[in-house]
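A.B. asks: Would you mind keeping the following structure in view while I ask a few things?
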Amino acid sequence: QIPSSLGNCRSLKRIDVFNNKLTGHIPSSLSLLSGLQIIHLKSNSLTGTIPSKLGSLARLTWLDVSSNQIVGEIPKALGNARSLKDLRLGGNRLQAVVPESLCRNSKINNGRVGLFGCDAILCPLGTFADAGFATSESRCKKCLQGQTTLYLGSKECQTFTQRDFLKMFFELMEGDKWPIQSKGHWNNLDTPECNWSGVSCDELGNIDSLSFPLSAQKSQKVD
């Protein structure tokens, strides 16, 4: 893991720990390193979200967290890092849209943002490109009818089943933290999804509603 105590190394200007099989979260304490210019964390197994506090690093020019297992959204606060020129986020599980605060920074990624806007950072959901973002050789293209993508920056489109979407739902709702009785059979390959706890299907086997926990005491039904 990346120790949070790294934030005490106030003279640190560069972090290069790519391809090191690191796990855990990116510590928000890195935002305490006011002189930090480069954060290179590519090709590890980092999870969690991108700390929004990294946007306070005025001298940050290069942020590469690509090819990890990072989830959630791209923090709007990254748009405050006005020195940022290289931003690599592909190969993660990011969703939502790329913040406009980043799309207005025409210096990012060799000036491609000035040419292709947000697509130069990551292709949006439902689109794909060879690199996962727009370049002069490959723009972000819409998926064919019946196909889509689950995450930003996809390099290909896929056809997903309702079970695939349930798995994504389980991940986004932190289903591993649900009470045991609420996650019965979830992600069990041997059990039809209509028999998963809280899943209701019509007579044709199509899901028509979900009842899922918001906490150990509360539940909510989604139609």
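Simple scheme: letters A, B, ... for chains in structure tokens order, numbers from 1 for residues in each chain, numbers from 1 for ligands in the order shown.
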Give me the residues near Gly7 (chain A) as a list in words, where near means some atom within 10 Å (using only C-alpha atoms) and where sequence neighbours in that chain fewer than 3 positions away do not count.

C.D. replies: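 The contact residues come out as Pro3, Ser4, Arg10, Ser11, Leu12, Pro27, Ser28, Ser29, Leu30, Ser31, Leu32, Leu33 and Ser34 of chain A.
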
A.B. asks: Could you save those same residues with C-alpha atoms as a PDB file, in the first residue's frame?

C.D. replies:
```pdb
ATOM      1  CA  PRO A   3       1.470   4.854   3.251  1.00  0.00           C
ATOM      2  CA  SER A   4      -0.475   7.939   4.288  1.00  0.00           C
ATOM      3  CA  ARG A  10       7.206  17.812   2.444  1.00  0.00           C
ATOM      4  CA  SER A  11      10.155  18.144   0.024  1.00  0.00           C
ATOM      5  CA  LEU A  12       8.928  15.331  -2.239  1.00  0.00           C
ATOM      6  CA  PRO A  27      -3.958   8.571   0.325  1.00  0.00           C
ATOM      7  CA  SER A  28      -5.432  12.075   0.386  1.00  0.00           C
ATOM      8  CA  SER A  29      -2.394  13.086   2.457  1.00  0.00           C
ATOM      9  CA  LEU A  30      -0.487  13.453  -0.831  1.00  0.00           C
ATOM     10  CA  SER A  31      -2.252  16.794  -1.153  1.00  0.00           C
ATOM     11  CA  LEU A  32      -0.035  18.062   1.677  1.00  0.00           C
ATOM     12  CA  LEU A  33       3.007  17.864  -0.613  1.00  0.00           C
ATOM     13  CA  SER A  34       2.789  21.375  -2.027  1.00  0.00           C
TER      14      SER A  34
END
```

A.B. asks: If you run DSSP on this backbone, which residues of region 79-211 of chain A come out as helix (DSSP H, G or I), and could you give them as a VMD selection string?

C.D. replies: chain A and resid 79 to 80 100 to 103 112 to 120 162 to 172 175 to 177 180 to 182 193 to 195

A.B. asks: Given the choices A:Leu125, A:Pro179, A:Lys141, A:Leu166, which gets closest to Pro192 (chain A) if the distance is worked out from only C-alpha atoms?

C.D. replies: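 That would be A:Leu166, the residue with the smallest distance to Pro192 (chain A).
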
A.B. asks: Select, from A:Ser67, A:Gln181, A:Thr23, A:Ser211, the residue with the minimum atom-to-atom distance to His40 (chain A), counting only C-alpha atoms.

C.D. replies: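 Ranked by minimum distance to His40 (chain A), first place goes to A:Ser67.
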
A.B. asks: For region 201-207 of chain A, list every protein, DNA or RNA residue within 12 Å, evaluated using only C-alpha atoms, and leave out those in the same chain fewer than 6 positions away; present the list as a compact mmCIF listing (two decimals) with N, CA and C atoms, in the first residue's frame.

C.D. replies:
```txt
# COMPACT_ATOMS: atom_id res chain seq x y z
N THR A 161 -25.80 -8.56 -20.38
CA THR A 161 -27.04 -9.19 -19.93
C THR A 161 -27.53 -8.47 -18.68
N GLN A 162 -28.75 -8.77 -18.26
CA GLN A 162 -29.27 -8.14 -17.04
C GLN A 162 -28.46 -8.59 -15.82
N ARG A 163 -27.86 -9.78 -15.90
CA ARG A 163 -26.99 -10.23 -14.80
C ARG A 163 -25.75 -9.35 -14.70
N PHE A 165 -25.54 -6.20 -15.44
CA PHE A 165 -25.92 -4.93 -14.83
C PHE A 165 -26.18 -5.09 -13.33
N LEU A 166 -26.69 -6.24 -12.93
CA LEU A 166 -26.88 -6.50 -11.50
C LEU A 166 -25.54 -6.55 -10.77
N PRO A 192 -30.05 -18.58 -10.75
CA PRO A 192 -30.62 -17.57 -11.66
C PRO A 192 -30.81 -16.24 -10.93
N GLU A 193 -30.55 -15.15 -11.64
CA GLU A 193 -30.61 -13.83 -10.97
C GLU A 193 -31.99 -13.51 -10.43
N CYS A 194 -33.03 -14.11 -10.98
CA CYS A 194 -34.38 -13.86 -10.47
C CYS A 194 -34.57 -14.44 -9.07
N ASN A 195 -33.66 -15.32 -8.65
CA ASN A 195 -33.72 -15.91 -7.31
C ASN A 195 -32.78 -15.22 -6.33
N VAL A 222 -36.76 -0.23 -6.02
CA VAL A 222 -36.53 0.46 -7.29
C VAL A 222 -37.27 -0.26 -8.38
N ASP A 223 -38.14 0.44 -9.10
CA ASP A 223 -38.90 -0.17 -10.20
C ASP A 223 -38.25 0.19 -11.53
```

A.B. asks: Which one is closest to Leu102 (chain A): A:Leu84, A:Met168, A:Met173, A:Leu46? Count only C-alpha atoms.

C.D. replies: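 Answer, going by the shortest atom-to-atom distance: A:Leu84.
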
A.B. asks: Distance CA of Ser56 (chain A)-CA of Ile74 (chain A), one decimal place?

C.D. replies: 14.5 Å

A.B. asks: Neighbouring residues of Asp164 (chain A) were defined as those with any atom within 12 Å, considering only C-alpha atoms; residues of the same chain fewer than 2 positions away were excluded. Please report them as number ranges by chain.

C.D. replies: A: 148-150, 158-162, 166-171, 186-187, 189, 193

A.B. asks: Could you tell me how far CA of Leu94 (chain A) lies from CA of Leu144 (chain A), in Å and to one decimal?

C.D. replies: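 According to the coordinates, CA of Leu94 (chain A) and CA of Leu144 (chain A) are separated by 21.3 Å.
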
A.B. asks: Name the residues in contact with region 113-124 of chain A at a cut-off of 6 Å, using only C-alpha atoms, excluding same-chain residues fewer than 5 positions from it; report them as a PDB file with C-alpha atoms, in the first residue's frame.

C.D. replies:
```pdb
ATOM      1  CA  CYS A 103     -12.238  19.985 -20.305  1.00  0.00           C
ATOM      2  CA  SER A 106      -6.513  23.066 -23.239  1.00  0.00           C
ATOM      3  CA  ILE A 108      -3.882  18.664 -20.940  1.00  0.00           C
ATOM      4  CA  GLY A 132      -9.827   4.858 -24.663  1.00  0.00           C
ATOM      5  CA  PHE A 133      -9.680   8.576 -25.440  1.00  0.00           C
ATOM      6  CA  ALA A 134      -9.776  10.701 -28.576  1.00  0.00           C
ATOM      7  CA  CYS A 140     -14.525   8.334 -29.644  1.00  0.00           C
ATOM      8  CA  LEU A 152     -15.330   5.743 -19.060  1.00  0.00           C
ATOM      9  CA  GLY A 153     -12.398   5.271 -21.411  1.00  0.00           C
TER      10      GLY A 153
END
```

A.B. asks: Write out as a PyMOL selection string the residues lying within 12 Å of Gln1 (chain A), counting only C-alpha atoms and excluding same-chain residues fewer than 2 positions away.

C.D. replies: chain A and resi 3-6+17+20-27+41+44-47

A.B. asks: In region 46-87 of chain A, what's strand (DSSP E or B) per DSSP? Answer as a CSV table (one decimal) with all heavy atoms, in the first residue's frame?

C.D. replies:
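File written: part-v1.csv
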```csv
chain,number,residue,atom,x,y,z
A,62,TRP,N,1.7,16.1,-13.8
A,62,TRP,CA,1.5,14.8,-14.4
A,62,TRP,C,0.8,13.9,-13.4
A,62,TRP,O,1.3,13.7,-12.3
A,62,TRP,CB,2.9,14.2,-14.8
A,62,TRP,CG,2.8,12.8,-15.5
A,62,TRP,CD1,1.7,12.2,-15.9
A,62,TRP,CD2,3.9,12.0,-15.8
A,62,TRP,NE1,2.0,11.0,-16.5
A,62,TRP,CE2,3.4,10.9,-16.4
A,62,TRP,CE3,5.3,12.1,-15.6
A,62,TRP,CZ2,4.2,9.8,-16.9
A,62,TRP,CZ3,6.1,11.1,-16.0
A,62,TRP,CH2,5.6,9.9,-16.7
A,63,LEU,N,-0.4,13.4,-13.7
A,63,LEU,CA,-1.1,12.5,-12.8
A,63,LEU,C,-1.5,11.3,-13.7
A,63,LEU,O,-2.3,11.4,-14.6
A,63,LEU,CB,-2.3,13.2,-12.3
A,63,LEU,CG,-3.3,12.3,-11.4
A,63,LEU,CD1,-2.6,11.7,-10.2
A,63,LEU,CD2,-4.5,13.0,-11.0
A,64,ASP,N,-0.9,10.1,-13.3
A,64,ASP,CA,-1.2,8.9,-14.1
A,64,ASP,C,-1.6,7.8,-13.1
A,64,ASP,O,-0.8,7.3,-12.3
A,64,ASP,CB,0.0,8.4,-14.8
A,64,ASP,CG,-0.2,7.3,-15.8
A,64,ASP,OD1,-1.3,6.6,-15.6
A,64,ASP,OD2,0.6,7.0,-16.7
A,71,VAL,N,-12.6,3.5,-8.7
A,71,VAL,CA,-14.1,3.6,-9.0
A,71,VAL,C,-14.5,5.0,-8.7
A,71,VAL,O,-13.8,5.9,-8.3
A,71,VAL,CB,-14.9,2.6,-8.1
A,71,VAL,CG1,-14.5,1.2,-8.3
A,71,VAL,CG2,-14.7,3.0,-6.6
A,72,GLY,N,-15.8,5.3,-9.0
A,72,GLY,CA,-16.4,6.6,-8.7
A,72,GLY,C,-16.3,7.5,-9.9
A,72,GLY,O,-16.3,7.2,-11.0
A,86,ASP,N,-0.5,16.4,-18.1
A,86,ASP,CA,-0.7,15.0,-18.5
A,86,ASP,C,-1.6,14.3,-17.5
A,86,ASP,O,-1.2,14.2,-16.3
A,86,ASP,CB,0.7,14.4,-18.5
A,86,ASP,CG,0.9,13.4,-19.7
A,86,ASP,OD1,-0.1,12.7,-19.9
A,86,ASP,OD2,1.9,13.4,-20.3
A,87,LEU,N,-2.7,13.8,-18.0
A,87,LEU,CA,-3.7,13.2,-17.1
A,87,LEU,C,-4.1,11.9,-17.7
A,87,LEU,O,-4.7,11.8,-18.8
A,87,LEU,CB,-4.9,14.1,-17.0
A,87,LEU,CG,-6.1,13.6,-16.1
A,87,LEU,CD1,-5.6,13.4,-14.7
A,87,LEU,CD2,-7.2,14.5,-16.1
```

A.B. asks: Any idea what the distance is between CA of Asn110 (chain A) and CA of Ser136 (chain A)?

C.D. replies: 11.6 Å

A.B. asks: Ranking A:Arg14, A:Arg112, A:Lys42, A:Arg59 by minimum distance to Leu89 (chain A) and counting only C-alpha atoms, which one comes first?

C.D. replies: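 Comparing A:Arg14, A:Arg112, A:Lys42, A:Arg59 against Leu89 (chain A), the winner is A:Lys42.
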